[in-house]
Amino acid sequence: MGFLDILSLLGSVLLIVAVLVLTYYASRWYARRMGAGGPGKYVGVVDKTALGQGSAVYIVKVGGKYYMLGVGDKSVSMLCELADFEETAQPGAVPDVPFRQVMRGFMDKTGLSKKKEDDGEN
């Protein structure tokens, strides 16, 4: 292996490193430009969970208030305001409250449980 071969190999490695560094900085610049640079000053996503393909539920903090949003492929709907919501759980922690109890509370707040009782369903 001659000197020119080693120089060529070293040049290739430096070129790859330069491309990786440029890609890193270009992606950071693009993310900031598109508004994905982190939490906003007044609006932030507190938590989210996927419900199925193309649908999810988000808890969003706007100012000092919390809202639950339903997000689909082509729509975003405010489900309710979470008046008594407190941000106490650690990120990624599973709450101790059973899902059935959470849904029952949501249905009671929105009046959906009364509609089902009126229809004779339970």
# chains A, B, ... in the order shown; residues from 1 in each chain; ligands from 1
$ residues_around --residues "stretch 43-57 of chain A" --least-positions-apart "3" --cutoff "7 Å" --atoms "only C-alpha atoms" --output "list in words"
Pro39, Gly40, Val60, Lys61, Val62, Gly63, Met68, Leu69, Gly70, Val71, Gly72 and Asp73 of chain A
$ residues_around --residues "A:Leu82" --least-positions-apart "4" --cutoff "10 Å" --atoms "only C-alpha atoms" --output "list of chain:residue names"
A:Ile59, A:Val60, A:Lys61, A:Lys65, A:Tyr66, A:Tyr67, A:Met68, A:Glu86, A:Phe106, A:Lys109
$ select_by_dssp --residues "stretch 16-77 of chain A" --states "alpha helix (DSSP H)" --output "NGL selection string"
:A and (16-33)
$ write_last_selection --atoms "N, CA and C atoms" --output "short mmCIF file (atom, residue, chain, number, x, y, z; two decimals), in the first residue's frame"
data_model
loop_
_atom_site.label_atom_id
_atom_site.label_comp_id
_atom_site.auth_asym_id
_atom_site.auth_seq_id
_atom_site.Cartn_x
_atom_site.Cartn_y
_atom_site.Cartn_z
N ILE A 16 -16.37 11.81 4.44
CA ILE A 16 -17.55 11.22 5.09
C ILE A 16 -17.86 11.95 6.39
N VAL A 17 -16.84 12.25 7.18
CA VAL A 17 -17.05 12.97 8.44
C VAL A 17 -17.61 14.36 8.15
N ALA A 18 -17.09 15.03 7.13
CA ALA A 18 -17.59 16.36 6.78
C ALA A 18 -19.05 16.31 6.35
N VAL A 19 -19.44 15.31 5.57
CA VAL A 19 -20.83 15.16 5.14
C VAL A 19 -21.73 14.91 6.36
N LEU A 20 -21.30 14.09 7.30
CA LEU A 20 -22.11 13.84 8.51
C LEU A 20 -22.28 15.11 9.33
N VAL A 21 -21.21 15.88 9.50
CA VAL A 21 -21.30 17.13 10.27
C VAL A 21 -22.23 18.12 9.58
N LEU A 22 -22.09 18.26 8.27
CA LEU A 22 -22.97 19.17 7.53
C LEU A 22 -24.43 18.71 7.59
N THR A 23 -24.67 17.42 7.52
CA THR A 23 -26.04 16.90 7.62
C THR A 23 -26.63 17.21 8.99
N TYR A 24 -25.84 17.06 10.04
CA TYR A 24 -26.31 17.37 11.39
C TYR A 24 -26.74 18.83 11.51
N TYR A 25 -25.87 19.74 11.09
CA TYR A 25 -26.20 21.16 11.20
C TYR A 25 -27.33 21.58 10.26
N ALA A 26 -27.41 20.98 9.10
CA ALA A 26 -28.51 21.29 8.17
C ALA A 26 -29.84 20.82 8.75
N SER A 27 -29.88 19.68 9.39
CA SER A 27 -31.13 19.19 9.97
C SER A 27 -31.56 20.06 11.16
N ARG A 28 -30.61 20.53 11.95
CA ARG A 28 -30.96 21.44 13.06
C ARG A 28 -31.52 22.75 12.53
N TRP A 29 -30.89 23.29 11.49
CA TRP A 29 -31.37 24.53 10.88
C TRP A 29 -32.78 24.33 10.32
N TYR A 30 -33.01 23.22 9.64
CA TYR A 30 -34.32 22.96 9.04
C TYR A 30 -35.39 22.79 10.12
N ALA A 31 -35.06 22.10 11.20
CA ALA A 31 -36.02 21.90 12.29
C ALA A 31 -36.42 23.23 12.93
N ARG A 32 -35.45 24.12 13.14
CA ARG A 32 -35.78 25.44 13.69
C ARG A 32 -36.65 26.24 12.73
N ARG A 33 -36.33 26.14 11.46
CA ARG A 33 -37.10 26.89 10.46
C ARG A 33 -38.54 26.39 10.37
#
